[in-house]
>>> print(open('query.cif').read())   # mmCIF, C-alpha atoms
data_entry
#
loop_
_atom_site.label_atom_id
_atom_site.label_comp_id
_atom_site.auth_asym_id
_atom_site.auth_seq_id
_atom_site.Cartn_x
_atom_site.Cartn_y
_atom_site.Cartn_z
CA MET A 1 65.15 -5.93 -39.82
CA LEU A 2 63.29 -2.69 -39.24
CA PRO A 3 64.02 0.58 -41.05
CA GLU A 4 64.94 2.21 -37.72
CA GLU A 5 67.83 -0.25 -37.47
CA THR A 6 68.85 -0.08 -41.12
CA SER A 7 71.00 2.60 -42.64
CA PRO A 8 69.47 3.94 -45.87
CA LEU A 9 72.99 4.25 -47.28
CA LYS A 10 73.62 0.56 -46.62
CA VAL A 11 70.38 -0.27 -48.44
CA PHE A 12 71.45 2.01 -51.32
CA PHE A 13 74.87 0.37 -51.73
CA ILE A 14 73.40 -3.13 -51.51
CA SER A 15 70.93 -2.05 -54.20
CA LEU A 16 73.83 -0.86 -56.37
CA ILE A 17 75.53 -4.24 -55.99
CA VAL A 18 72.28 -5.99 -56.98
CA LEU A 19 71.96 -3.66 -60.00
CA PHE A 20 75.50 -4.45 -61.16
CA ILE A 21 74.95 -8.20 -60.71
CA SER A 22 71.62 -8.06 -62.56
CA ALA A 23 73.31 -6.13 -65.41
CA GLY A 24 75.85 -8.97 -65.66
CA VAL A 25 73.15 -11.64 -65.62
CA PHE A 26 71.09 -9.80 -68.24
CA ALA A 27 74.23 -9.37 -70.36
CA MET A 28 74.73 -13.13 -70.40
CA LEU A 29 71.05 -13.65 -71.24
CA ASP A 30 71.44 -11.13 -74.07
CA TRP A 31 74.56 -12.95 -75.24
CA GLN A 32 72.71 -16.27 -75.35
CA VAL A 33 69.82 -14.80 -77.34
CA MET A 34 72.00 -12.82 -79.75
CA SER A 35 74.53 -15.60 -80.31
CA HIS A 36 71.71 -17.87 -81.52
CA SER A 37 69.98 -15.32 -83.72
CA TYR A 38 71.15 -12.83 -86.26
CA TYR A 39 69.42 -9.58 -87.04
CA ASP A 40 70.24 -7.91 -90.34
CA LEU A 41 69.93 -4.28 -89.26
CA SER A 42 69.89 -3.09 -92.89
CA ASP A 43 66.60 -4.97 -93.43
CA SER A 44 63.75 -2.81 -92.11
CA GLY A 45 61.65 -5.81 -91.04
CA GLU A 46 64.45 -7.40 -89.06
CA TYR A 47 65.49 -4.01 -87.69
CA SER A 48 61.97 -3.49 -86.29
CA GLN A 49 62.10 -6.97 -84.71
CA TYR A 50 65.47 -6.10 -83.17
CA ILE A 51 64.09 -2.79 -81.83
CA ASN A 52 61.16 -4.70 -80.32
CA TYR A 53 63.60 -7.14 -78.66
CA ALA A 54 65.85 -4.30 -77.46
CA SER A 55 62.89 -2.36 -76.01
CA TRP A 56 61.59 -5.31 -74.02
CA PHE A 57 65.12 -6.19 -72.98
CA GLY A 58 65.73 -2.64 -71.71
CA LEU A 59 62.49 -2.74 -69.75
CA SER A 60 63.44 -6.12 -68.26
CA LEU A 61 66.87 -4.78 -67.35
CA SER A 62 65.27 -1.91 -65.43
CA LEU A 63 62.84 -4.10 -63.46
CA PRO A 64 65.24 -5.04 -60.60
CA GLY A 65 65.90 -1.35 -59.91
CA ILE A 66 62.21 -0.49 -60.09
CA ALA A 67 61.37 -3.36 -57.71
CA MET A 68 64.09 -2.32 -55.25
CA SER A 69 62.95 1.30 -55.27
CA ILE A 70 59.34 0.24 -54.58
CA LEU A 71 60.48 -2.04 -51.75
CA THR A 72 62.58 0.69 -50.13
CA CYS A 73 59.64 3.07 -50.38
CA VAL A 74 57.45 0.52 -48.58
CA PHE A 75 60.03 -0.36 -45.90
CA PHE A 76 60.85 3.28 -45.15
CA TRP A 77 57.25 4.50 -45.43
CA SER A 78 57.20 5.96 -41.90
CA PHE A 79 60.18 8.20 -42.75
CA ARG A 80 58.76 10.74 -45.17
CA ASN A 81 62.04 12.06 -46.62
CA VAL A 82 63.75 8.67 -46.81
CA ARG A 83 60.81 7.05 -48.59
CA VAL A 84 61.21 9.66 -51.33
CA ILE A 85 64.98 10.20 -51.50
CA LEU A 86 66.18 6.58 -51.32
CA PRO A 87 63.87 5.13 -54.00
CA ALA A 88 64.59 8.13 -56.24
CA ALA A 89 68.35 7.55 -55.87
CA ILE A 90 67.93 3.84 -56.71
CA LEU A 91 65.78 4.68 -59.76
CA ALA A 92 68.31 7.29 -60.87
CA CYS A 93 71.12 4.72 -60.66
CA THR A 94 68.99 2.20 -62.56
CA LEU A 95 68.49 4.72 -65.37
CA ILE A 96 72.18 5.65 -65.29
CA LEU A 97 73.17 2.00 -65.66
CA LEU A 98 70.79 1.67 -68.61
CA VAL A 99 72.03 4.86 -70.27
CA SER A 100 75.68 4.12 -69.53
CA GLY A 101 75.61 0.88 -71.49
CA LEU A 102 77.16 -1.14 -68.67
CA GLU A 103 75.21 -4.15 -69.90
CA ASP A 104 76.94 -3.86 -73.28
CA CYS A 105 80.33 -3.81 -71.57
CA PHE A 106 79.42 -6.93 -69.59
CA TYR A 107 78.05 -8.47 -72.81
CA PHE A 108 81.44 -8.19 -74.50
CA MET A 109 83.60 -8.91 -71.45
CA LEU A 110 81.65 -11.93 -70.17
CA GLY A 111 79.99 -13.32 -73.30
CA ALA A 112 81.98 -12.33 -76.35
CA ASN A 113 85.37 -12.49 -74.58
CA GLY A 114 86.41 -9.14 -75.97
CA PHE A 115 85.17 -5.91 -77.47
CA PRO A 116 84.76 -5.26 -81.20
CA ALA A 117 87.55 -3.43 -83.00
CA ALA A 118 87.88 0.19 -81.88
CA GLU A 119 86.92 1.58 -85.29
CA MET A 120 83.82 -0.64 -85.75
CA ASN A 121 80.56 1.33 -85.63
CA TRP A 122 78.11 -0.07 -83.05
CA ASN A 123 75.11 0.48 -85.32
CA TRP A 124 72.77 -1.54 -83.10
CA LEU A 125 72.83 1.12 -80.36
CA LEU A 126 70.55 4.14 -80.34
CA GLN A 127 73.60 6.36 -79.71
CA SER A 128 74.91 5.38 -83.15
CA ARG A 129 71.77 6.75 -84.74
CA LEU A 130 71.80 9.89 -82.58
CA PHE A 131 75.48 10.80 -83.01
CA GLY A 132 76.15 9.13 -86.38
CA PHE A 133 78.84 6.86 -84.91
CA TRP A 134 79.44 4.77 -81.83
CA ASN A 135 82.46 2.56 -81.29
CA THR A 136 84.26 0.72 -78.49
CA THR A 137 86.39 3.69 -77.45
CA VAL A 138 83.47 6.10 -77.25
CA HIS A 139 81.38 3.52 -75.41
CA ALA A 140 84.15 2.86 -72.86
CA ILE A 141 84.50 6.60 -72.19
CA TRP A 142 80.71 7.00 -71.97
CA THR A 143 80.30 4.08 -69.54
CA THR A 144 83.24 5.17 -67.40
CA PHE A 145 81.83 8.68 -67.11
CA TRP A 146 78.38 7.53 -66.01
CA VAL A 147 79.50 4.72 -63.70
CA LEU A 148 82.59 6.28 -62.13
CA PHE A 149 81.48 9.92 -61.92
CA VAL A 150 77.70 10.25 -61.91
CA ILE A 151 76.82 7.32 -59.62
CA PRO A 152 79.39 8.43 -57.00
CA LEU A 153 77.95 11.95 -57.26
CA ILE A 154 74.46 10.59 -56.54
CA SER A 155 75.93 8.54 -53.68
CA PHE A 156 77.56 11.64 -52.21
CA VAL A 157 74.36 13.70 -52.47
CA LEU A 158 72.38 10.86 -50.88
CA HIS A 159 74.96 10.55 -48.10
CA ARG A 160 74.81 14.31 -47.37
CA ARG A 161 71.01 14.28 -47.40
CA MET A 162 70.82 11.29 -45.07
CA GLN A 163 73.29 12.93 -42.65
CA ARG A 164 70.88 15.84 -42.28
CA LEU A 165 67.99 13.58 -41.34
CA ASP A 166 67.66 12.34 -37.78
CA LEU A 167 66.57 8.73 -38.23
CA THR A 168 67.38 7.72 -34.66
CA GLY A 169 64.40 9.48 -33.08
CA GLY A 170 61.84 7.39 -34.95
CA ASP A 171 59.86 10.55 -35.70
CA ALA A 172 57.59 9.95 -38.67
CA SER A 173 57.95 13.57 -39.73
CA ASN A 174 61.53 12.98 -40.89
#
>>> encode(input="query.cif", output="structure tokens")
Amino acid sequence: MLPEETSPLKVFFISLIVLFISAGVFAMLDWQVMSHSYYDLSDSGEYSQYINYASWFGLSLSLPGIAMSILTCVFFWSFRNVRVILPAAILACTLILLVSGLEDCFYFMLGANGFPAAEMNWNWLLQSRLFGFWNTTVHAIWTTFWVLFVIPLISFVLHRRMQRLDLTGGDASN
């Protein structure tokens, strides 16, 4: 399938579906690792091990989005604006899904079969250290905002930008 025959918006929405599925898969991987190990976050040694795990896990979680953005850049290379806009939109959504904590929601819904109590502080998240608290209610609001408002906003901007481009002429200057 050539880029001339493929709608960039279709590629974008397929990429979003892949990102959501990969977040679910990574959540279950995280559940398997965390259910067989226990980090005492009050112990500085174990906390640093947990931060190391969380850092590598976050990087791994972002790899599908990075790979998809590179692939779209390669496949749409002859369309100058598309090769910049589409990968940037996919990377933005990848970062949004990381920041939104969608993986944590999947972790509790798919692995733990339920969220922690609403008043329990999620001290393992960076947001807890930044804001001094982080609980199920705040996390649900945070995730809903990023997933249901910001990603559709990026989708709308991408849609408007792609409407302005004439991809049917096959002109490499687009």
>>> atom_distance(input="query.cif", atom1="atom CA of Val25 of chain A", atom2="atom CA of Gly65 of chain A")
13.8 Å
>>> atom_distance(input="query.cif", atom1="atom CA of Phe20 of chain A", atom2="atom CA of Ser62 of chain A")
11.4 Å
>>> atom_distance(input="query.cif", atom1="atom CA of Thr143 of chain A", atom2="atom CA of Gly24 of chain A")
14.3 Å
>>> residues_around(input="query.cif", residues="Ser60 of chain A", least_positions_apart="5", cutoff="12 Å", atoms="all atoms listed in the file", output="JSON, numbers by chain")
{"A": [22, 23, 25, 26, 27, 29, 30, 53, 54, 55, 65, 66, 67, 94, 98]}
>>> residues_around(input="query.cif", residues="Tyr107 of chain A", least_positions_apart="2", cutoff="9 Å", atoms="all atoms listed in the file", output="list in words")
Gly24, Phe26, Ala27, Met28, Leu29, Asp30, Trp31, Leu102, Glu103, Asp104, Cys105, Met109, Leu110, Gly111, Ala112, Asn113, Gly114 and Phe115 of chain A
>>> resolve_selection(input="query.cif", expression="the PyMOL selection byres ((chain A and resi 76) around 10)", output="PyMOL selection string")
chain A and resi 2-4+6+8+71-75+77-84+86-87+172
>>> closest_residue(input="query.cif", among="A:Ile14, A:Leu19, A:Leu158, A:Val150", to="Ala89 of chain A", atoms="all atoms listed in the file")
A:Leu158
>>> resolve_selection(input="query.cif", expression="the PyMOL selection byres ((chain A and resi 147) around 12)", output="compact mmCIF listing (two decimals) with C-alpha atoms, in the coordinates of the input")
# COMPACT_ATOMS: atom_id res chain seq x y z
CA LEU A 16 73.83 -0.86 -56.37
CA LEU A 19 71.96 -3.66 -60.00
CA PHE A 20 75.50 -4.45 -61.16
CA ALA A 92 68.31 7.29 -60.87
CA CYS A 93 71.12 4.72 -60.66
CA THR A 94 68.99 2.20 -62.56
CA LEU A 95 68.49 4.72 -65.37
CA ILE A 96 72.18 5.65 -65.29
CA LEU A 97 73.17 2.00 -65.66
CA LEU A 98 70.79 1.67 -68.61
CA VAL A 99 72.03 4.86 -70.27
CA SER A 100 75.68 4.12 -69.53
CA GLY A 101 75.61 0.88 -71.49
CA LEU A 102 77.16 -1.14 -68.67
CA GLU A 103 75.21 -4.15 -69.90
CA CYS A 105 80.33 -3.81 -71.57
CA HIS A 139 81.38 3.52 -75.41
CA ALA A 140 84.15 2.86 -72.86
CA ILE A 141 84.50 6.60 -72.19
CA TRP A 142 80.71 7.00 -71.97
CA THR A 143 80.30 4.08 -69.54
CA THR A 144 83.24 5.17 -67.40
CA PHE A 145 81.83 8.68 -67.11
CA TRP A 146 78.38 7.53 -66.01
CA LEU A 148 82.59 6.28 -62.13
CA PHE A 149 81.48 9.92 -61.92
CA VAL A 150 77.70 10.25 -61.91
CA ILE A 151 76.82 7.32 -59.62
CA PRO A 152 79.39 8.43 -57.00
CA LEU A 153 77.95 11.95 -57.26
CA ILE A 154 74.46 10.59 -56.54
CA SER A 155 75.93 8.54 -53.68
>>> closest_residue(input="query.cif", among="A:Phe12, A:Phe106, A:Ile90, A:Tyr47", to="Asn123 of chain A", atoms="all atoms listed in the file")
A:Tyr47
>>> closest_residue(input="query.cif", among="A:Ser44, A:Leu91, A:Tyr38, A:Ile51", to="Leu63 of chain A", atoms="only C-alpha atoms")
A:Leu91
>>> residues_around(input="query.cif", residues="Trp122 of chain A", least_positions_apart="3", cutoff="8 Å", atoms="only C-alpha atoms", output="list of chain:residue names")
A:Leu125, A:Ser128, A:Phe133, A:Trp134, A:Asn135, A:Thr136
